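Engineer: Contents are TSV, C-alpha atoms and all ligand atoms; file name input-v6.tsv:
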chain	number	residue	atom	x	y	z
A	1	MET	CA	-56.00	-29.45	-47.28
A	2	ALA	CA	-54.71	-26.96	-49.82
A	3	THR	CA	-54.75	-28.37	-53.32
A	4	MET	CA	-53.04	-27.53	-56.58
A	5	ARG	CA	-53.83	-28.15	-60.23
A	6	ALA	CA	-51.31	-29.80	-62.52
A	7	MET	CA	-51.15	-31.11	-66.06
A	8	SER	CA	-49.13	-34.27	-65.60
A	9	VAL	CA	-47.90	-37.08	-67.83
A	10	PRO	CA	-49.25	-40.37	-66.37
A	11	ALA	CA	-46.89	-42.62	-68.38
A	12	ALA	CA	-44.39	-42.29	-71.23
A	13	GLY	CA	-46.26	-41.48	-74.44
A	14	ALA	CA	-49.59	-40.81	-72.70
A	15	LYS	CA	-51.62	-37.62	-73.01
A	16	LEU	CA	-51.31	-34.89	-70.40
A	17	ARG	CA	-54.11	-35.03	-67.86
A	18	LEU	CA	-55.46	-32.56	-65.34
A	19	GLU	CA	-54.78	-33.60	-61.75
A	20	GLU	CA	-55.73	-32.10	-58.45
A	21	ARG	CA	-53.35	-32.96	-55.66
A	22	ALA	CA	-52.19	-31.69	-52.30
A	23	VAL	CA	-49.83	-28.72	-52.44
A	24	PRO	CA	-46.40	-30.16	-51.52
A	25	ALA	CA	-44.36	-28.83	-48.62
A	26	PRO	CA	-40.83	-27.71	-49.52
A	27	GLY	CA	-38.07	-30.01	-48.29
A	28	ARG	CA	-34.69	-28.96	-46.98
A	29	ASP	CA	-33.05	-26.32	-49.23
A	30	GLU	CA	-36.20	-26.12	-51.34
A	31	VAL	CA	-38.80	-23.43	-51.98
A	32	ARG	CA	-42.33	-23.74	-53.26
A	33	VAL	CA	-43.20	-21.55	-56.22
A	34	HIS	CA	-46.71	-20.36	-57.01
A	35	VAL	CA	-46.50	-20.52	-60.81
A	36	GLN	CA	-47.70	-17.60	-62.93
A	37	ALA	CA	-46.64	-18.84	-66.35
A	38	CYS	CA	-44.68	-21.70	-67.91
A	39	GLY	CA	-43.32	-22.00	-71.41
A	40	VAL	CA	-43.73	-25.13	-73.51
A	41	CYS	CA	-40.37	-26.25	-74.91
A	42	HIS	CA	-39.37	-28.92	-77.41
A	43	SER	CA	-37.33	-30.58	-74.65
A	44	ASP	CA	-40.62	-31.31	-72.84
A	45	SER	CA	-40.94	-34.14	-75.36
A	46	MET	CA	-38.38	-36.06	-73.27
A	47	THR	CA	-40.93	-36.17	-70.47
A	48	VAL	CA	-44.06	-36.56	-72.57
A	49	GLY	CA	-42.60	-39.07	-75.01
A	50	GLY	CA	-40.39	-40.89	-72.54
A	51	ALA	CA	-36.64	-41.27	-72.05
A	52	PRO	CA	-34.56	-43.92	-70.28
A	53	GLY	CA	-34.69	-43.75	-66.49
A	54	LEU	CA	-37.66	-41.39	-66.13
A	55	THR	CA	-40.39	-42.12	-63.60
A	56	TYR	CA	-44.09	-41.24	-63.85
A	57	PRO	CA	-46.39	-39.50	-63.26
A	58	ARG	CA	-44.29	-36.43	-64.03
A	59	ILE	CA	-45.21	-32.75	-64.47
A	60	PRO	CA	-43.25	-31.15	-67.35
A	61	GLY	CA	-42.18	-27.54	-67.67
A	62	HIS	CA	-38.83	-25.76	-67.31
A	63	GLU	CA	-39.62	-22.18	-68.38
A	64	VAL	CA	-41.26	-21.10	-65.15
A	65	ILE	CA	-42.00	-17.70	-63.66
A	66	GLY	CA	-43.82	-17.42	-60.35
A	67	VAL	CA	-43.65	-16.21	-56.78
A	68	VAL	CA	-42.06	-17.95	-53.79
A	69	ASP	CA	-44.89	-18.92	-51.46
A	70	ALA	CA	-43.11	-21.18	-48.92
A	71	VAL	CA	-39.49	-21.85	-47.98
A	72	GLY	CA	-38.04	-25.04	-46.55
A	73	ALA	CA	-35.47	-25.55	-43.80
A	74	GLY	CA	-32.02	-24.22	-44.55
A	75	VAL	CA	-33.18	-21.60	-47.09
A	76	THR	CA	-31.92	-18.19	-46.04
A	77	ALA	CA	-31.51	-16.24	-49.29
A	78	TRP	CA	-35.13	-16.37	-50.47
A	79	GLN	CA	-38.33	-15.16	-48.87
A	80	GLY	CA	-42.01	-15.59	-49.57
A	81	GLY	CA	-43.30	-13.07	-52.12
A	82	THR	CA	-40.09	-12.92	-54.17
A	83	ARG	CA	-40.62	-13.20	-57.91
A	84	VAL	CA	-38.50	-16.03	-59.32
A	85	GLY	CA	-37.80	-18.01	-62.45
A	86	VAL	CA	-36.84	-21.67	-62.77
A	87	GLY	CA	-35.20	-23.10	-65.88
A	88	TRP	CA	-33.77	-26.39	-67.11
A	89	SER	CA	-30.98	-26.54	-64.51
A	90	PRO	CA	-32.33	-28.14	-61.30
A	91	GLY	CA	-29.67	-26.40	-59.19
A	92	ALA	CA	-26.21	-27.18	-57.86
A	93	CYS	CA	-24.83	-28.27	-54.50
A	94	GLY	CA	-21.98	-25.77	-54.42
A	95	HIS	CA	-19.53	-28.15	-52.73
A	96	CYS	CA	-18.74	-30.99	-55.17
A	97	THR	CA	-15.52	-30.82	-57.21
A	98	ASN	CA	-17.22	-29.50	-60.36
A	99	CYS	CA	-19.13	-26.85	-58.42
A	100	ARG	CA	-15.95	-25.79	-56.61
A	101	HIS	CA	-14.29	-25.30	-59.99
A	102	GLY	CA	-17.17	-23.06	-61.02
A	103	ASN	CA	-18.78	-25.63	-63.30
A	104	LEU	CA	-22.14	-25.63	-61.56
A	105	PHE	CA	-23.93	-26.88	-64.67
A	106	ALA	CA	-22.11	-30.20	-64.17
A	107	CYS	CA	-22.88	-30.58	-60.44
A	108	GLU	CA	-22.18	-34.13	-59.35
A	109	ASN	CA	-24.89	-34.18	-56.68
A	110	ILE	CA	-27.88	-32.37	-58.19
A	111	GLN	CA	-28.44	-33.78	-61.65
A	112	GLY	CA	-31.22	-34.20	-64.17
A	113	ALA	CA	-33.54	-31.40	-65.25
A	114	THR	CA	-36.59	-29.45	-64.13
A	115	GLY	CA	-39.77	-30.99	-65.50
A	116	VAL	CA	-37.90	-34.15	-66.49
A	117	THR	CA	-36.38	-35.76	-63.41
A	118	ARG	CA	-38.40	-33.61	-61.00
A	119	ASP	CA	-41.79	-31.95	-61.36
A	120	GLY	CA	-41.92	-28.70	-63.29
A	121	GLY	CA	-44.18	-25.79	-64.07
A	122	TYR	CA	-47.23	-27.17	-65.87
A	123	ALA	CA	-48.91	-26.66	-62.49
A	124	THR	CA	-50.11	-23.99	-60.10
A	125	HIS	CA	-47.34	-24.93	-57.65
A	126	MET	CA	-43.93	-26.59	-57.87
A	127	LEU	CA	-40.93	-27.21	-55.68
A	128	ALA	CA	-37.45	-26.09	-56.66
A	129	HIS	CA	-34.02	-26.28	-55.08
A	130	ALA	CA	-33.11	-22.82	-53.83
A	131	SER	CA	-29.96	-22.86	-55.99
A	132	ALA	CA	-32.16	-23.20	-59.11
A	133	LEU	CA	-33.88	-19.83	-58.61
A	134	ALA	CA	-33.33	-16.68	-60.65
A	135	ARG	CA	-34.62	-13.27	-59.61
A	136	VAL	CA	-37.15	-11.85	-62.07
A	137	PRO	CA	-37.30	-8.06	-62.58
A	138	ALA	CA	-40.69	-6.64	-61.57
A	139	GLU	CA	-41.10	-4.99	-64.98
A	140	LEU	CA	-41.11	-8.30	-66.86
A	141	ASP	CA	-44.51	-9.81	-67.62
A	142	ALA	CA	-44.61	-13.48	-66.60
A	143	VAL	CA	-46.38	-14.80	-69.70
A	144	GLU	CA	-44.27	-12.72	-72.06
A	145	SER	CA	-40.99	-13.58	-70.36
A	146	ALA	CA	-41.31	-17.25	-69.36
A	147	PRO	CA	-39.52	-18.48	-72.53
A	148	LEU	CA	-36.45	-16.49	-71.50
A	149	LEU	CA	-35.86	-19.22	-68.87
A	150	CYS	CA	-34.92	-21.74	-71.57
A	151	ALA	CA	-35.05	-20.40	-75.13
A	152	GLY	CA	-33.67	-17.09	-73.90
A	153	ILE	CA	-30.85	-18.28	-71.67
A	154	THR	CA	-29.87	-20.95	-74.20
A	155	THR	CA	-29.29	-18.41	-76.97
A	156	PHE	CA	-28.01	-15.51	-74.86
A	157	ASN	CA	-25.54	-17.59	-72.87
A	158	ALA	CA	-24.18	-19.35	-75.96
A	159	LEU	CA	-23.80	-16.04	-77.81
A	160	ARG	CA	-21.96	-14.32	-74.98
A	161	ASN	CA	-19.59	-17.30	-74.83
A	162	CYS	CA	-19.13	-17.82	-78.58
A	163	GLY	CA	-15.86	-15.88	-78.84
A	164	ALA	CA	-17.14	-13.19	-81.22
A	165	GLY	CA	-16.42	-9.55	-80.49
A	166	ALA	CA	-18.41	-6.43	-81.31
A	167	GLY	CA	-18.88	-5.98	-85.04
A	168	GLU	CA	-17.92	-9.55	-85.93
A	169	LEU	CA	-20.14	-11.68	-88.13
A	170	VAL	CA	-22.44	-14.05	-86.24
A	171	ALA	CA	-24.94	-16.30	-88.00
A	172	ILE	CA	-28.19	-17.31	-86.35
A	173	HIS	CA	-29.24	-20.50	-88.09
A	174	GLY	CA	-33.01	-20.90	-87.89
A	175	VAL	CA	-35.62	-18.17	-87.35
A	176	GLY	CA	-37.95	-19.97	-84.94
A	177	GLY	CA	-38.50	-20.16	-81.20
A	178	LEU	CA	-34.78	-20.01	-80.39
A	179	GLY	CA	-33.66	-18.07	-83.45
A	180	HIS	CA	-36.04	-15.13	-83.09
A	181	LEU	CA	-34.56	-14.55	-79.63
A	182	GLY	CA	-31.02	-15.28	-80.82
A	183	ILE	CA	-31.25	-12.55	-83.46
A	184	GLN	CA	-32.36	-10.00	-80.85
A	185	PHE	CA	-29.59	-10.97	-78.41
A	186	ALA	CA	-26.90	-11.04	-81.12
A	187	ALA	CA	-27.89	-7.58	-82.37
A	188	ARG	CA	-27.90	-6.10	-78.85
A	189	LEU	CA	-24.53	-7.75	-78.10
A	190	GLY	CA	-23.10	-5.71	-80.97
A	191	PHE	CA	-22.47	-8.44	-83.53
A	192	ARG	CA	-23.04	-8.11	-87.27
A	193	VAL	CA	-25.97	-10.50	-87.48
A	194	VAL	CA	-26.88	-12.73	-90.37
A	195	ALA	CA	-30.11	-14.70	-90.12
A	196	VAL	CA	-30.13	-18.01	-92.00
A	197	ASN	CA	-33.39	-19.78	-92.76
A	198	ARG	CA	-35.29	-21.74	-95.41
A	199	GLY	CA	-37.16	-19.46	-97.79
A	200	ARG	CA	-37.77	-15.74	-97.65
A	201	ASP	CA	-41.00	-15.56	-95.65
A	202	LYS	CA	-39.23	-14.76	-92.37
A	203	GLU	CA	-36.67	-12.33	-93.84
A	204	GLN	CA	-38.58	-9.17	-93.01
A	205	LEU	CA	-39.24	-10.33	-89.46
A	206	ALA	CA	-35.57	-11.32	-89.00
A	207	ARG	CA	-34.45	-7.89	-90.17
A	208	SER	CA	-36.98	-6.16	-87.90
A	209	LEU	CA	-35.56	-8.12	-84.95
A	210	GLY	CA	-32.05	-6.89	-85.73
A	211	ALA	CA	-30.56	-9.03	-88.52
A	212	ASP	CA	-28.23	-7.08	-90.82
A	213	GLU	CA	-28.10	-9.79	-93.49
A	214	TYR	CA	-30.26	-12.70	-94.54
A	215	ILE	CA	-29.40	-15.98	-96.26
A	216	ASP	CA	-32.08	-18.16	-97.80
A	217	THR	CA	-30.74	-21.73	-97.60
A	218	THR	CA	-32.96	-22.87	-100.49
A	219	SER	CA	-31.65	-20.42	-103.06
A	220	ALA	CA	-27.88	-20.93	-102.84
A	221	ASP	CA	-25.16	-22.85	-101.02
A	222	PRO	CA	-25.60	-21.32	-97.56
A	223	ALA	CA	-21.98	-21.96	-96.53
A	224	ALA	CA	-20.71	-20.16	-99.65
A	225	ALA	CA	-23.11	-17.29	-98.99
A	226	LEU	CA	-21.75	-16.98	-95.45
A	227	ARG	CA	-18.14	-17.06	-96.70
A	228	ALA	CA	-19.04	-14.34	-99.21
A	229	LEU	CA	-19.93	-12.13	-96.24
A	230	GLY	CA	-16.46	-12.79	-94.78
A	231	GLY	CA	-17.09	-16.04	-92.91
A	232	ALA	CA	-18.77	-16.30	-89.54
A	233	ARG	CA	-16.91	-15.83	-86.27
A	234	ALA	CA	-19.71	-17.92	-84.83
A	235	ILE	CA	-22.70	-19.86	-86.05
A	236	LEU	CA	-25.49	-20.44	-83.54
A	237	ALA	CA	-27.23	-23.64	-84.65
A	238	THR	CA	-30.86	-23.47	-83.50
A	239	VAL	CA	-32.24	-25.90	-86.09
A	240	THR	CA	-33.03	-29.52	-85.22
A	241	ASP	CA	-31.72	-31.10	-88.44
A	242	ALA	CA	-28.11	-32.33	-88.51
A	243	ALA	CA	-27.92	-32.15	-92.31
A	244	ALA	CA	-28.86	-28.47	-92.24
A	245	VAL	CA	-26.20	-27.76	-89.58
A	246	GLN	CA	-23.56	-29.59	-91.65
A	247	ALA	CA	-24.52	-27.65	-94.78
A	248	LEU	CA	-23.75	-24.36	-93.04
A	249	ALA	CA	-20.62	-25.39	-91.10
A	250	GLY	CA	-18.35	-24.54	-94.03
A	251	GLY	CA	-19.44	-20.92	-93.66
A	252	LEU	CA	-17.25	-20.48	-90.59
A	253	GLY	CA	-14.45	-17.96	-90.91
A	254	VAL	CA	-11.00	-17.87	-89.33
A	255	ASN	CA	-11.17	-18.84	-85.64
A	256	GLY	CA	-14.87	-19.47	-86.13
A	257	THR	CA	-16.95	-21.55	-83.75
A	258	LEU	CA	-20.04	-23.58	-84.51
A	259	MET	CA	-22.12	-23.36	-81.33
A	260	VAL	CA	-24.33	-26.41	-80.81
A	261	ILE	CA	-27.17	-25.68	-78.37
A	262	GLY	CA	-29.59	-28.52	-79.06
A	263	GLY	CA	-29.44	-32.22	-79.72
A	264	VAL	CA	-29.28	-33.08	-83.43
A	265	GLY	CA	-27.57	-36.48	-83.12
A	266	ALA	CA	-24.29	-37.19	-84.90
A	267	LEU	CA	-22.71	-34.36	-86.87
A	268	THR	CA	-20.18	-34.71	-89.69
A	269	VAL	CA	-17.81	-31.80	-90.18
A	270	ASP	CA	-14.79	-31.49	-92.48
A	271	SER	CA	-11.68	-31.65	-90.29
A	272	ILE	CA	-9.52	-30.13	-93.05
A	273	ASP	CA	-11.83	-27.13	-93.18
A	274	LEU	CA	-11.61	-26.78	-89.38
A	275	LEU	CA	-7.80	-27.04	-89.51
A	276	ARG	CA	-7.40	-24.43	-92.23
A	277	LYS	CA	-9.50	-21.98	-90.24
A	278	ARG	CA	-8.47	-23.05	-86.73
A	279	ALA	CA	-12.21	-23.40	-86.30
A	280	ALA	CA	-14.15	-25.33	-83.66
A	281	VAL	CA	-17.38	-27.09	-82.94
A	282	ARG	CA	-18.53	-26.41	-79.42
A	283	ALA	CA	-21.61	-27.31	-77.42
A	284	TRP	CA	-22.97	-24.97	-74.80
A	285	TYR	CA	-25.14	-26.07	-71.86
A	286	SER	CA	-27.99	-23.58	-71.55
A	287	GLY	CA	-26.85	-22.28	-68.18
A	288	THR	CA	-27.52	-22.13	-64.47
A	289	SER	CA	-29.76	-19.89	-62.39
A	290	VAL	CA	-27.39	-16.93	-62.37
A	291	ASP	CA	-27.18	-17.12	-66.16
A	292	SER	CA	-31.00	-16.99	-66.21
A	293	GLU	CA	-30.86	-13.91	-64.04
A	294	ASP	CA	-28.38	-12.27	-66.43
A	295	THR	CA	-30.63	-13.18	-69.37
A	296	LEU	CA	-33.68	-11.62	-67.72
A	297	LEU	CA	-31.84	-8.42	-66.77
A	298	PHE	CA	-30.30	-8.06	-70.24
A	299	SER	CA	-33.70	-8.68	-71.85
A	300	GLU	CA	-35.39	-6.13	-69.65
A	301	ARG	CA	-32.73	-3.51	-70.29
A	302	HIS	CA	-32.72	-4.03	-74.06
A	303	ARG	CA	-36.45	-4.71	-74.45
A	304	ILE	CA	-35.95	-8.20	-75.84
A	305	ARG	CA	-39.26	-9.98	-76.15
A	306	SER	CA	-40.31	-13.51	-76.93
A	307	MET	CA	-43.19	-13.72	-79.41
A	308	ASN	CA	-45.64	-16.17	-77.89
A	309	GLU	CA	-48.86	-18.04	-78.44
A	310	VAL	CA	-50.63	-18.32	-75.09
A	311	TYR	CA	-52.89	-21.09	-73.73
A	312	PRO	CA	-54.48	-21.69	-70.32
A	313	LEU	CA	-52.86	-24.38	-68.14
A	314	GLU	CA	-55.75	-26.80	-68.73
A	315	GLN	CA	-55.06	-26.72	-72.48
A	316	ALA	CA	-51.47	-27.90	-72.03
A	317	GLN	CA	-52.00	-30.81	-74.44
A	318	VAL	CA	-53.23	-28.47	-77.20
A	319	ALA	CA	-50.34	-26.13	-76.44
A	320	TYR	CA	-47.84	-29.00	-76.50
A	321	ASP	CA	-49.18	-30.32	-79.83
A	322	ARG	CA	-48.98	-26.82	-81.27
A	323	MET	CA	-45.34	-26.53	-80.15
A	324	LEU	CA	-44.52	-29.96	-81.67
A	325	SER	CA	-46.13	-28.98	-84.99
A	326	GLY	CA	-43.36	-26.41	-85.43
A	327	LYS	CA	-45.95	-23.91	-86.64
A	328	ALA	CA	-46.17	-21.71	-83.54
A	329	ARG	CA	-44.93	-18.15	-83.92
A	330	PHE	CA	-42.71	-18.56	-82.03
A	331	ARG	CA	-42.91	-19.90	-78.48
A	332	VAL	CA	-45.90	-21.43	-76.71
A	333	VAL	CA	-46.67	-20.38	-73.14
A	334	LEU	CA	-49.14	-21.60	-70.51
A	335	ARG	CA	-50.85	-18.88	-68.54
A	336	VAL	CA	-51.12	-20.54	-65.13
A	337	ASP	CA	-52.21	-18.38	-62.22
A	338	GLN	CA	-51.74	-14.65	-61.98
A	339	SER	CA	-54.08	-14.04	-59.05
B	401	ZN	ZN	-36.27	-25.90	-73.00
B	402	ZN	ZN	-22.19	-29.71	-57.02
What does this structure look like when you write it as structure tokens?

Structural biologist:
Amino acid sequence: MATMRAMSVPAAGAKLRLEERAVPAPGRDEVRVHVQACGVCHSDSMTVGGAPGLTYPRIPGHEVIGVVDAVGAGVTAWQGGTRVGVGWSPGACGHCTNCRHGNLFACENIQGATGVTRDGGYATHMLAHASALARVPAELDAVESAPLLCAGITTFNALRNCGAGAGELVAIHGVGGLGHLGIQFAARLGFRVVAVNRGRDKEQLARSLGADEYIDTTSADPAAALRALGGARAILATVTDAAAVQALAGGLGVNGTLMVIGGVGALTVDSIDLLRKRAAVRAWYSGTSVDSEDTLLFSERHRIRSMNEVYPLEQAQVAYDRMLSGKARFRVVLRVDQS
């Protein structure tokens, strides 16, 4: 019997533990992926910490790069040996009403998330619905690029849908795991990029990644500082603190959009300010597999790189704790199996 190694969560709130189990056979419309690398994302805390309706044991991980090593019945578009990525989106059926309207992210039949409602990539092997697969360019290193499957797509896809045109002012709020990628994408998309962060210690890095301007939120009213630059056509909120998001929202310019890409709970924004500017608050779902593919191709073409701290699969708990500490520079990735 062929076996696989996995770092699984035995119960909500429990530590990750190493498991050896039989390699699963792909079901209908599924493929099996031999995992090369998997990023560790803050959203993995849903699985590790527990959320309503989840079942255990569960293997986290939704920033996966690997190689197809078996295909199930009904899969015609993918063959063994193809390099693929799997992200947060677990796939889409293609025939429900939302899918038929092109809103595959809201598929009515395939719901949940990779590594949350189905097993993910903290393992040598995983199953994925064929519709959840993105092609990975051969030039991209698996360990270096795994975070593009969540942190990357989340920032790239929101930025290309934020309404800003070339040369317009776009603020990237937060210079961390998401923000350091957001700055690179925003610069390559042709925006005038302002990085916004607490303190000055990340200013040089932000500028080296492509930021044209920098606002230190501790030294002045950040919204006023953004307005002084002309007001933002878009603000990409990558921070996890609602109060910080609210403090910057007034920096939107005319027709500006505050793009929310992560859960921060309830937000309070001044409706009068929105009205005067015809501004908006908009959330953006990270994206589906084809958006991942676009993200990977764009990143390869423009040499966009995630800065990562790398751990072996068996040290997933250490890696996870490091990610939760908020001190990693900037993403944490598990090196799984590159044989
Ligand atoms: Zn994620
Ligand atoms: Zn559907």

Engineer: So which one's closest to A:Gln79, A:Glu30, A:Glu314, A:Asp44, A:Asp291? Using all atoms listed in the file, please.

Structural biologist: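 Of A:Glu30, A:Glu314, A:Asp44, A:Asp291, the one nearest A:Gln79 is A:Glu30, counting all atoms listed in the file.
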
Engineer: What separation in Å, quoted to one decimal, exists between atom CA of A:Asn161 and atom CA of A:Leu236?

Structural biologist: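 Going from atom CA of A:Asn161 over to atom CA of A:Leu236, I get 11.0 Å.
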
Engineer: If you count all atoms listed in the file, which residues fall within 10 Å of stretch 96-98 of chain A, apart from same-chain ones fewer than 4 positions away, as a list in words?

Structural biologist: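 Using all atoms listed in the file, the neighbours found are Ala92, Gly102, Asn103, Leu104, Phe105, Ala106, Cys107, Glu108, Asn109 and Ile110 of chain A.
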
Engineer: Point out the residue among A:Thr3, A:Ser306, A:Thr288, A:Ser208 with the least atom-to-atom distance to ligand ZN 402 (chain B), counting all atoms listed in the file.

Structural biologist: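 Selected residue with least distance to ligand ZN 402 (chain B): A:Thr288.
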
Engineer: How far is it from atom CA of A:Met307 to atom CA of A:Ala138, in Å with one decimal?

Structural biologist: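 Interatomic distance, atom CA of A:Met307 to atom CA of A:Ala138: 19.4 Å.
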
Engineer: Go through A:His101, A:Arg233, A:Arg322, A:Arg118 one by one, measure the shortest atom-to-atom distance of each to A:Trp88 using all atoms listed in the file, and give the residue with the smallest value.

Structural biologist: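 Result for the nearest residue to A:Trp88: A:Arg118.
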
Engineer: Rounded to one decimal place, report the atom CA of A:Arg135-atom CA of A:Ala22 distance in Å.

Structural biologist: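 Those two atoms sit 26.5 Å apart.
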
Engineer: Could you list, as a ChimeraX atom specification, all the residues within 12 Å of ligand ZN 401 (chain B), counting only C-alpha atoms and all ligand atoms?

Structural biologist: /A:38-47,60-64,86-89,113-116,120-121,146-155,177-178,261-263,285-287,323,331-333

Engineer: Rank A:Ser131, A:Thr124, A:Thr117, A:Gln36 by their smallest atom-to-atom distance to ligand ZN 402 (chain B), using all atoms listed in the file, and report the top residue only.

Structural biologist: A:Ser131

Engineer: Using all atoms listed in the file, which residue out of A:Leu229, A:Ile59, A:Leu324, A:Ala70 lies closest to A:Pro24?

Structural biologist: A:Ala70

Engineer: Taking all atoms listed in the file into account, which of A:Leu127, A:Ala316, A:Ala134, A:Ala242 comes nearest A:Gly27?

Structural biologist: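 Checking each of A:Leu127, A:Ala316, A:Ala134, A:Ala242 against A:Gly27, counting all atoms listed in the file, the winner is A:Leu127.
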
Engineer: Would you list the contacts of A:Glu19 as an mmCIF file with C-alpha atoms, keeping the file's coordinate frame, taking every protein, DNA or RNA residue within 9 Å and counting all atoms listed in the file, but skipping same-chain residues closer than 4 positions in sequence?

Structural biologist:
data_model
loop_
_atom_site.group_PDB
_atom_site.id
_atom_site.type_symbol
_atom_site.label_atom_id
_atom_site.label_comp_id
_atom_site.auth_asym_id
_atom_site.auth_seq_id
_atom_site.Cartn_x
_atom_site.Cartn_y
_atom_site.Cartn_z
ATOM 1 C CA MET A 4 -53.040 -27.530 -56.580
ATOM 2 C CA ARG A 5 -53.830 -28.150 -60.230
ATOM 3 C CA ALA A 6 -51.310 -29.800 -62.520
ATOM 4 C CA MET A 7 -51.150 -31.110 -66.060
ATOM 5 C CA SER A 8 -49.130 -34.270 -65.600
#

Engineer: Please list as a PyMOL selection string every residue within 7 Å of A:Gly231, counting all atoms listed in the file and excluding residues in the same chain fewer than 6 positions away.

Structural biologist: chain A and resi 251-253

Engineer: Let me have the centre and edge lengths in Å, one decimal, of the box along x, y and z around every listed atom of stretch 5-8 of chain A with 6 Å of margin on each side, as AutoDock Vina command-line options.

Structural biologist:
--center_x -51.5 --center_y -31.2 --center_z -63.1 --size_x 16.7 --size_y 18.1 --size_z 17.8

Engineer: Can you tell me which residues surround stretch 191-200 of chain A at a distance of at most 6 Å, considering all atoms listed in the file, apart from same-chain residues fewer than 2 positions away, and format the answer as a list in words?

Structural biologist: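 Everything that qualifies: Ala166, Gly167, Glu168, Leu169, Val170, Ala171, Ile172, His173, Gly174, Ala186, Ala187, Leu189, Lys202, Glu203, Ala211, Asp212, Glu213, Tyr214, Ile215, Asp216, Thr217 and Thr218 of chain A.
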
Engineer: Those same residues - C-alpha atoms - I'd like them written as a short mmCIF file (atom, residue, chain, number, x, y, z; two decimals), keeping the file's coordinate frame.

Structural biologist:
data_model
loop_
_atom_site.label_atom_id
_atom_site.label_comp_id
_atom_site.auth_asym_id
_atom_site.auth_seq_id
_atom_site.Cartn_x
_atom_site.Cartn_y
_atom_site.Cartn_z
CA ALA A 166 -18.41 -6.43 -81.31
CA GLY A 167 -18.88 -5.98 -85.04
CA GLU A 168 -17.92 -9.55 -85.93
CA LEU A 169 -20.14 -11.68 -88.13
CA VAL A 170 -22.44 -14.05 -86.24
CA ALA A 171 -24.94 -16.30 -88.00
CA ILE A 172 -28.19 -17.31 -86.35
CA HIS A 173 -29.24 -20.50 -88.09
CA GLY A 174 -33.01 -20.90 -87.89
CA ALA A 186 -26.90 -11.04 -81.12
CA ALA A 187 -27.89 -7.58 -82.37
CA LEU A 189 -24.53 -7.75 -78.10
CA LYS A 202 -39.23 -14.76 -92.37
CA GLU A 203 -36.67 -12.33 -93.84
CA ALA A 211 -30.56 -9.03 -88.52
CA ASP A 212 -28.23 -7.08 -90.82
CA GLU A 213 -28.10 -9.79 -93.49
CA TYR A 214 -30.26 -12.70 -94.54
CA ILE A 215 -29.40 -15.98 -96.26
CA ASP A 216 -32.08 -18.16 -97.80
CA THR A 217 -30.74 -21.73 -97.60
CA THR A 218 -32.96 -22.87 -100.49
#
